[in-house]
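As stored in final01.cif (mmCIF, C-alpha atoms and all ligand atoms; chains and numbers go by the auth columns):
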data_run
#
loop_
_atom_site.group_PDB
_atom_site.id
_atom_site.type_symbol
_atom_site.label_atom_id
_atom_site.label_comp_id
_atom_site.label_asym_id
_atom_site.label_seq_id
_atom_site.Cartn_x
_atom_site.Cartn_y
_atom_site.Cartn_z
_atom_site.B_iso_or_equiv
_atom_site.auth_seq_id
_atom_site.auth_asym_id
ATOM 1 C CA MET A 1 17.457 178.093 32.320 0.00 1 S
ATOM 2 C CA GLY A 2 15.867 180.598 34.656 0.00 2 S
ATOM 3 C CA LYS A 3 15.846 184.339 34.757 0.00 3 S
ATOM 4 C CA GLY A 4 19.307 184.541 36.317 0.00 4 S
ATOM 5 C CA THR A 5 20.749 182.985 33.163 0.00 5 S
ATOM 6 C CA LEU A 6 18.741 185.324 30.984 0.00 6 S
ATOM 7 C CA VAL A 7 20.076 188.350 32.862 0.00 7 S
ATOM 8 C CA ALA A 8 23.668 187.041 32.645 0.00 8 S
ATOM 9 C CA ARG A 9 23.353 186.721 28.851 0.00 9 S
ATOM 10 C CA LEU A 10 21.874 190.170 28.573 0.00 10 S
ATOM 11 C CA LEU A 11 24.788 191.681 30.495 0.00 11 S
ATOM 12 C CA GLU A 12 27.285 189.971 28.189 0.00 12 S
ATOM 13 C CA ARG A 13 25.605 191.636 25.228 0.00 13 S
ATOM 14 C CA ASP A 14 25.030 195.119 26.568 0.00 14 S
ATOM 15 C CA GLU A 15 27.855 196.935 28.278 0.00 15 S
ATOM 16 C CA ARG A 16 25.596 199.798 29.289 0.00 16 S
ATOM 17 C CA LEU A 17 23.974 197.507 31.868 0.00 17 S
ATOM 18 C CA TRP A 18 25.194 197.194 35.440 0.00 18 S
ATOM 19 C CA LEU A 19 23.876 194.339 37.574 0.00 19 S
ATOM 20 C CA SER A 20 23.203 195.094 41.206 0.00 20 S
ATOM 21 C CA ARG A 21 24.351 192.326 43.541 0.00 21 S
ATOM 22 C CA SER A 22 21.672 191.592 46.119 0.00 22 S
ATOM 23 C CA TRP A 23 22.061 190.694 49.748 0.00 23 S
ATOM 24 C CA THR A 24 20.321 187.607 51.063 0.00 24 S
ATOM 25 C CA THR A 25 19.976 185.627 54.272 0.00 25 S
ATOM 26 C CA ARG A 26 19.369 182.449 52.224 0.00 26 S
ATOM 27 C CA PRO A 27 22.198 179.954 52.633 0.00 27 S
ATOM 28 C CA ARG A 28 24.257 179.362 49.532 0.00 28 S
ATOM 29 C CA ARG A 29 23.099 176.368 47.470 0.00 29 S
ATOM 30 C CA PRO A 30 25.559 173.598 46.702 0.00 30 S
ATOM 31 C CA GLY A 31 27.374 174.608 43.546 0.00 31 S
ATOM 32 C CA GLU A 32 26.078 178.164 43.633 0.00 32 S
ATOM 33 C CA SER A 33 28.694 180.809 42.921 0.00 33 S
ATOM 34 C CA ALA A 34 29.993 182.615 46.014 0.00 34 S
ATOM 35 C CA ASP A 35 29.320 185.959 44.393 0.00 35 S
ATOM 36 C CA ALA A 36 25.757 185.178 43.279 0.00 36 S
ATOM 37 C CA TYR A 37 24.699 187.212 46.305 0.00 37 S
ATOM 38 C CA ASN A 38 26.242 188.893 49.262 0.00 38 S
ATOM 39 C CA PHE A 39 25.332 186.075 51.685 0.00 39 S
ATOM 40 C CA VAL A 40 24.801 187.476 55.185 0.00 40 S
ATOM 41 C CA ASP A 41 23.157 186.427 58.442 0.00 41 S
ATOM 42 C CA ARG A 42 19.830 187.864 59.546 0.00 42 S
ATOM 43 C CA PRO A 43 21.173 190.319 62.154 0.00 43 S
ATOM 44 C CA THR A 44 23.536 191.811 59.547 0.00 44 S
ATOM 45 C CA PHE A 45 20.665 192.171 57.086 0.00 45 S
ATOM 46 C CA GLU A 46 18.378 193.681 59.722 0.00 46 S
ATOM 47 C CA LYS A 47 21.043 196.169 60.730 0.00 47 S
ATOM 48 C CA ARG A 48 21.275 197.370 57.163 0.00 48 S
ATOM 49 C CA ILE A 49 17.462 197.730 57.007 0.00 49 S
ATOM 50 C CA ALA A 50 17.641 199.860 60.168 0.00 50 S
ATOM 51 C CA ASP A 51 20.364 201.968 58.562 0.00 51 S
ATOM 52 C CA ALA A 52 18.117 202.516 55.498 0.00 52 S
ATOM 53 C CA GLY A 53 20.742 200.818 53.344 0.00 53 S
ATOM 54 C CA PHE A 54 18.382 199.083 50.925 0.00 54 S
ATOM 55 C CA LEU A 55 16.722 200.493 47.871 0.00 55 S
ATOM 56 C CA GLU A 56 14.127 197.733 48.333 0.00 56 S
ATOM 57 C CA TRP A 57 13.970 194.479 50.228 0.00 57 S
ATOM 58 C CA ALA A 58 11.494 191.645 50.671 0.00 58 S
ATOM 59 C CA GLU A 59 10.999 188.338 52.424 0.00 59 S
ATOM 60 C CA PHE A 60 10.694 185.467 49.980 0.00 60 S
ATOM 61 C CA LEU A 61 9.881 181.999 51.349 0.00 61 S
ATOM 62 C CA GLY A 62 11.451 182.683 54.729 0.00 62 S
ATOM 63 C CA HIS A 63 14.605 184.471 53.606 0.00 63 S
ATOM 64 C CA LEU A 64 15.357 188.155 53.223 0.00 64 S
ATOM 65 C CA TYR A 65 16.555 189.580 49.901 0.00 65 S
ATOM 66 C CA GLY A 66 17.459 193.172 49.211 0.00 66 S
ATOM 67 C CA THR A 67 19.057 195.593 46.788 0.00 67 S
ATOM 68 C CA PRO A 68 21.725 197.619 48.564 0.00 68 S
ATOM 69 C CA THR A 69 21.622 201.313 47.843 0.00 69 S
ATOM 70 C CA PRO A 70 24.248 201.806 45.123 0.00 70 S
ATOM 71 C CA ASP A 71 27.447 203.155 46.619 0.00 71 S
ATOM 72 C CA PRO A 72 28.286 205.799 45.607 0.00 72 S
ATOM 73 C CA PRO A 73 24.768 206.509 44.360 0.00 73 S
ATOM 74 C CA HIS A 74 25.926 208.357 41.252 0.00 74 S
ATOM 75 C CA GLY A 75 29.089 206.450 40.506 0.00 75 S
ATOM 76 C CA LEU A 76 27.686 204.200 37.823 0.00 76 S
ATOM 77 C CA ASP A 77 29.056 206.106 34.801 0.00 77 S
ATOM 78 C CA GLY A 78 25.596 206.560 33.394 0.00 78 S
ATOM 79 C CA LYS A 79 24.947 202.830 33.254 0.00 79 S
ATOM 80 C CA ASP A 80 21.477 201.367 33.508 0.00 80 S
ATOM 81 C CA ILE A 81 21.020 199.424 36.727 0.00 81 S
ATOM 82 C CA VAL A 82 19.535 195.944 36.403 0.00 82 S
ATOM 83 C CA LEU A 83 17.692 194.489 39.387 0.00 83 S
ATOM 84 C CA GLU A 84 16.875 190.795 39.240 0.00 84 S
ATOM 85 C CA ILE A 85 14.256 190.782 41.993 0.00 85 S
ATOM 86 C CA ASP A 86 10.899 189.334 42.952 0.00 86 S
ATOM 87 C CA VAL A 87 7.498 190.945 42.448 0.00 87 S
ATOM 88 C CA GLN A 88 7.318 192.463 45.942 0.00 88 S
ATOM 89 C CA GLY A 89 10.628 194.206 45.306 0.00 89 S
ATOM 90 C CA ALA A 90 9.470 195.434 41.894 0.00 90 S
ATOM 91 C CA GLU A 91 6.389 196.953 43.531 0.00 91 S
ATOM 92 C CA GLN A 92 8.619 198.944 45.884 0.00 92 S
ATOM 93 C CA VAL A 93 10.824 200.123 43.031 0.00 93 S
ATOM 94 C CA ARG A 94 7.719 201.147 41.085 0.00 94 S
ATOM 95 C CA ALA A 95 6.466 203.149 44.074 0.00 95 S
ATOM 96 C CA ARG A 96 9.809 204.789 44.794 0.00 96 S
ATOM 97 C CA PHE A 97 11.271 205.713 41.419 0.00 97 S
ATOM 98 C CA PRO A 98 9.638 207.754 38.678 0.00 98 S
ATOM 99 C CA ASP A 99 10.154 205.586 35.649 0.00 99 S
ATOM 100 C CA PRO A 100 11.580 202.105 36.112 0.00 100 S
ATOM 101 C CA LEU A 101 11.302 199.666 33.217 0.00 101 S
ATOM 102 C CA VAL A 102 9.657 196.600 34.763 0.00 102 S
ATOM 103 C CA ILE A 103 9.878 193.336 32.818 0.00 103 S
ATOM 104 C CA LEU A 104 8.190 190.223 34.172 0.00 104 S
ATOM 105 C CA ILE A 105 10.073 187.088 33.149 0.00 105 S
ATOM 106 C CA GLN A 106 7.783 184.088 33.131 0.00 106 S
ATOM 107 C CA PRO A 107 8.659 180.415 32.720 0.00 107 S
ATOM 108 C CA PRO A 108 6.778 178.848 29.807 0.00 108 S
ATOM 109 C CA SER A 109 4.873 176.497 32.121 0.00 109 S
ATOM 110 C CA ARG A 110 4.838 175.345 35.716 0.00 110 S
ATOM 111 C CA ALA A 111 6.184 171.971 34.565 0.00 111 S
ATOM 112 C CA VAL A 112 9.248 173.632 33.020 0.00 112 S
ATOM 113 C CA GLN A 113 9.671 175.832 36.080 0.00 113 S
ATOM 114 C CA GLU A 114 9.595 172.751 38.307 0.00 114 S
ATOM 115 C CA GLU A 115 12.199 171.027 36.171 0.00 115 S
ATOM 116 C CA ARG A 116 14.490 174.095 36.320 0.00 116 S
ATOM 117 C CA LEU A 117 14.201 174.305 40.102 0.00 117 S
ATOM 118 C CA ARG A 118 14.890 170.608 40.440 0.00 118 S
ATOM 119 C CA LYS A 119 17.963 170.814 38.209 0.00 119 S
ATOM 120 C CA ARG A 120 19.543 173.529 40.272 0.00 120 S
ATOM 121 C CA GLY A 121 19.076 171.428 43.403 0.00 121 S
ATOM 122 C CA ASP A 122 16.055 172.866 45.220 0.00 122 S
ATOM 123 C CA THR A 123 14.447 170.394 47.640 0.00 123 S
ATOM 124 C CA ASP A 124 10.926 168.994 47.078 0.00 124 S
ATOM 125 C CA GLU A 125 9.641 171.210 49.838 0.00 125 S
ATOM 126 C CA GLN A 126 11.208 174.360 48.369 0.00 126 S
ATOM 127 C CA ILE A 127 9.878 173.481 44.923 0.00 127 S
ATOM 128 C CA ALA A 128 6.350 172.936 46.237 0.00 128 S
ATOM 129 C CA LYS A 129 6.414 176.294 48.036 0.00 129 S
ATOM 130 C CA ARG A 130 7.746 178.167 45.046 0.00 130 S
ATOM 131 C CA LEU A 131 5.205 176.688 42.676 0.00 131 S
ATOM 132 C CA ALA A 132 2.389 177.491 45.118 0.00 132 S
ATOM 133 C CA LEU A 133 3.563 181.099 45.225 0.00 133 S
ATOM 134 C CA ALA A 134 4.086 181.370 41.486 0.00 134 S
ATOM 135 C CA GLU A 135 0.453 181.896 40.421 0.00 135 S
ATOM 136 C CA HIS A 136 0.006 184.700 42.885 0.00 136 S
ATOM 137 C CA GLU A 137 3.318 186.306 41.921 0.00 137 S
ATOM 138 C CA GLU A 138 2.447 186.104 38.251 0.00 138 S
ATOM 139 C CA ALA A 139 -0.912 187.834 38.774 0.00 139 S
ATOM 140 C CA ARG A 140 0.671 190.666 40.759 0.00 140 S
ATOM 141 C CA GLY A 141 3.599 190.875 38.370 0.00 141 S
ATOM 142 C CA ARG A 142 1.366 191.249 35.337 0.00 142 S
ATOM 143 C CA GLU A 143 -0.359 194.192 37.002 0.00 143 S
ATOM 144 C CA ILE A 144 2.819 196.201 37.450 0.00 144 S
ATOM 145 C CA ALA A 145 4.978 195.058 34.541 0.00 145 S
ATOM 146 C CA ASP A 146 5.567 197.158 31.433 0.00 146 S
ATOM 147 C CA HIS A 147 6.321 193.966 29.508 0.00 147 S
ATOM 148 C CA VAL A 148 5.941 190.234 30.026 0.00 148 S
ATOM 149 C CA VAL A 149 8.556 187.970 28.444 0.00 149 S
ATOM 150 C CA ILE A 150 8.128 184.200 28.341 0.00 150 S
ATOM 151 C CA ASN A 151 11.460 182.535 28.986 0.00 151 S
ATOM 152 C CA ASP A 152 10.883 179.579 26.660 0.00 152 S
ATOM 153 C CA ASP A 153 14.021 179.568 24.528 0.00 153 S
ATOM 154 C CA LEU A 154 16.933 181.394 26.138 0.00 154 S
ATOM 155 C CA THR A 155 18.321 183.080 23.014 0.00 155 S
ATOM 156 C CA ARG A 156 14.881 184.148 21.840 0.00 156 S
ATOM 157 C CA ALA A 157 13.982 185.555 25.272 0.00 157 S
ATOM 158 C CA VAL A 158 17.284 187.476 25.509 0.00 158 S
ATOM 159 C CA ASP A 159 16.623 188.929 22.040 0.00 159 S
ATOM 160 C CA GLU A 160 13.159 189.991 23.113 0.00 160 S
ATOM 161 C CA VAL A 161 14.407 191.744 26.258 0.00 161 S
ATOM 162 C CA ALA A 162 17.242 193.405 24.284 0.00 162 S
ATOM 163 C CA GLY A 163 14.629 194.669 21.815 0.00 163 S
ATOM 164 C CA ILE A 164 12.478 196.073 24.640 0.00 164 S
ATOM 165 C CA LEU A 165 15.526 197.878 26.044 0.00 165 S
ATOM 166 C CA ALA A 166 16.489 199.280 22.641 0.00 166 S
ATOM 167 C CA ARG A 167 12.969 200.639 22.069 0.00 167 S
ATOM 168 C CA HIS A 168 12.851 202.068 25.574 0.00 168 S
ATOM 169 C CA ARG A 169 16.121 203.943 25.052 0.00 169 S
ATOM 170 C CA ASN A 170 15.203 205.096 21.584 0.00 170 S
ATOM 171 C CA PRO A 171 11.416 205.307 21.346 0.00 171 S
ATOM 172 C CA GLY A 172 11.517 206.868 17.864 0.00 172 S
ATOM 173 C CA GLY A 173 13.282 203.781 16.638 0.00 173 S
ATOM 174 C CA THR A 174 15.074 205.435 13.708 0.00 174 S
ATOM 175 C CA THR A 175 18.711 205.112 14.696 0.00 175 S
HETATM 176 P P1 LIG B . 16.614 182.631 44.859 0.00 201 S
HETATM 177 O O1 LIG B . 16.564 182.178 46.274 0.00 201 S
HETATM 178 O O2 LIG B . 16.009 181.646 43.931 0.00 201 S
HETATM 179 O O3 LIG B . 17.998 183.059 44.435 0.00 201 S
HETATM 180 O O4 LIG B . 15.715 183.951 44.750 0.00 201 S
HETATM 181 C C1 LIG B . 14.394 183.952 45.187 0.00 201 S
HETATM 182 C C2 LIG B . 13.661 185.144 44.626 0.00 201 S
HETATM 183 O O5 LIG B . 14.204 186.353 45.190 0.00 201 S
HETATM 184 C C3 LIG B . 13.809 185.299 43.116 0.00 201 S
HETATM 185 O O6 LIG B . 12.551 185.666 42.594 0.00 201 S
HETATM 186 C C4 LIG B . 14.808 186.427 42.973 0.00 201 S
HETATM 187 O O7 LIG B . 14.644 187.151 41.780 0.00 201 S
HETATM 188 C C5 LIG B . 14.438 187.270 44.154 0.00 201 S
HETATM 189 N N1 LIG B . 15.486 188.225 44.547 0.00 201 S
HETATM 190 C C6 LIG B . 16.828 188.118 44.383 0.00 201 S
HETATM 191 N N2 LIG B . 17.445 189.217 44.852 0.00 201 S
HETATM 192 C C7 LIG B . 16.470 190.048 45.297 0.00 201 S
HETATM 193 C C8 LIG B . 16.477 191.364 45.867 0.00 201 S
HETATM 194 O O8 LIG B . 17.498 192.011 46.060 0.00 201 S
HETATM 195 N N3 LIG B . 15.271 191.880 46.206 0.00 201 S
HETATM 196 C C9 LIG B . 14.105 191.211 46.005 0.00 201 S
HETATM 197 N N4 LIG B . 12.972 191.827 46.354 0.00 201 S
HETATM 198 N N5 LIG B . 14.053 189.975 45.474 0.00 201 S
HETATM 199 C C10 LIG B . 15.226 189.409 45.111 0.00 201 S
#
Take the structure from the file and write it as C-alpha cells.
Amino acid sequence: MGKGTLVARLLERDERLWLSRSWTTRPRRPGESADAYNFVDRPTFEKRIADAGFLEWAEFLGHLYGTPTPDPPHGLDGKDIVLEIDVQGAEQVRARFPDPLVILIQPPSRAVQEERLRKRGDTDEQIAKRLALAEHEEARGREIADHVVINDDLTRAVDEVAGILARHRNPGGTT
C-alpha cells in the first residue's frame, strides 16, 4: 500500500484533517477512482497556472500535478490541510508558507515500491522511470522533511504519522 492509502487511513482517524484534491493532466488509470484527482487536459491546467490558481504545481514524469488554491481560502473551519504531493511540490510549499509540517513517506525498499506500482497497474516503462527518479527524490526529500516515515506496515506507519501530528499540535505533550 502506498502513501495514498496511508493518507486515506489518516483522514478516517482524524477529523481535523482536510485533504486537498489535486489537479492532474495524467490520464486516469484503469480502476482508479474518478475523484482521485481533478483530471483535466493540459490547456485547462496551463490556464489555471496563468491565472495563479495553484498553491504549488510540478511536472512529474511528463504530467502536470498541482494543488488548487483552496476556495474560499479561509473556509476550512480551522482544519489542517493535507497535501499528498511530490518532493518538488513540497519544496515550493516550504518556500511559500511559514511553517508547514513536511513528512517524507518512504517505501521500505525499492523492491516493495516496484511491487506496489505493479499491483496498481503501472506499465514497465512507468515503473522503470519512477524507480530511477526515486533515489533522487528521496535525497531531496530528506533535506526538506521534518520527519521521515517508512511505510512498511500500514497500521504502524499511520500510527507514527498520527503521533507526529499529535506532538506537532501539542508540543508540551501533557494533554
Ligand atoms: P501519481 O501519478 O502516482 O498519482 O502521482 C505521481 C506523483 O505526483 C506522486 O508523488 C504524488 O504524490 C504527486 N502528486 C499528486 N498530486 C500532486 C500535486 O498536487 N502537486 C504535486 N507537486 N505533486 C502531486
**Q.** Selection near S:Ala162, 12 Å with all atoms listed in the file, sequence-local residues under 2 positions removed, as an NGL selection string
**A.** :S and (6-7 or 9-17 or 103 or 149 or 155-160 or 164-169)
Q: List all protein, DNA and RNA residues that have an atom no more than 9 Å from any atom of ligand LIG 201 (chain S), counting all atoms listed in the file, and report them as number ranges by chain.
A: S: 3-4, 20-24, 26-29, 36-37, 54-61, 63-68, 83-92, 117, 122, 130
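Computed from the coordinates, the atom CA of S:Val82 to atom CA of S:Asp35 distance equals 16.1 Å.
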**Q.** Point-to-point distance in Å for atom CA of S:Leu19 and atom CA of S:Pro107
**A.**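 It comes out at 21.2 Å.
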(Q) Please compute the atom CA of S:Asp51-atom CA of S:Asn38 distance, one decimal, in Å. (A)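 Computed distance, atom CA of S:Asp51 to atom CA of S:Asn38, equals 17.1 Å.
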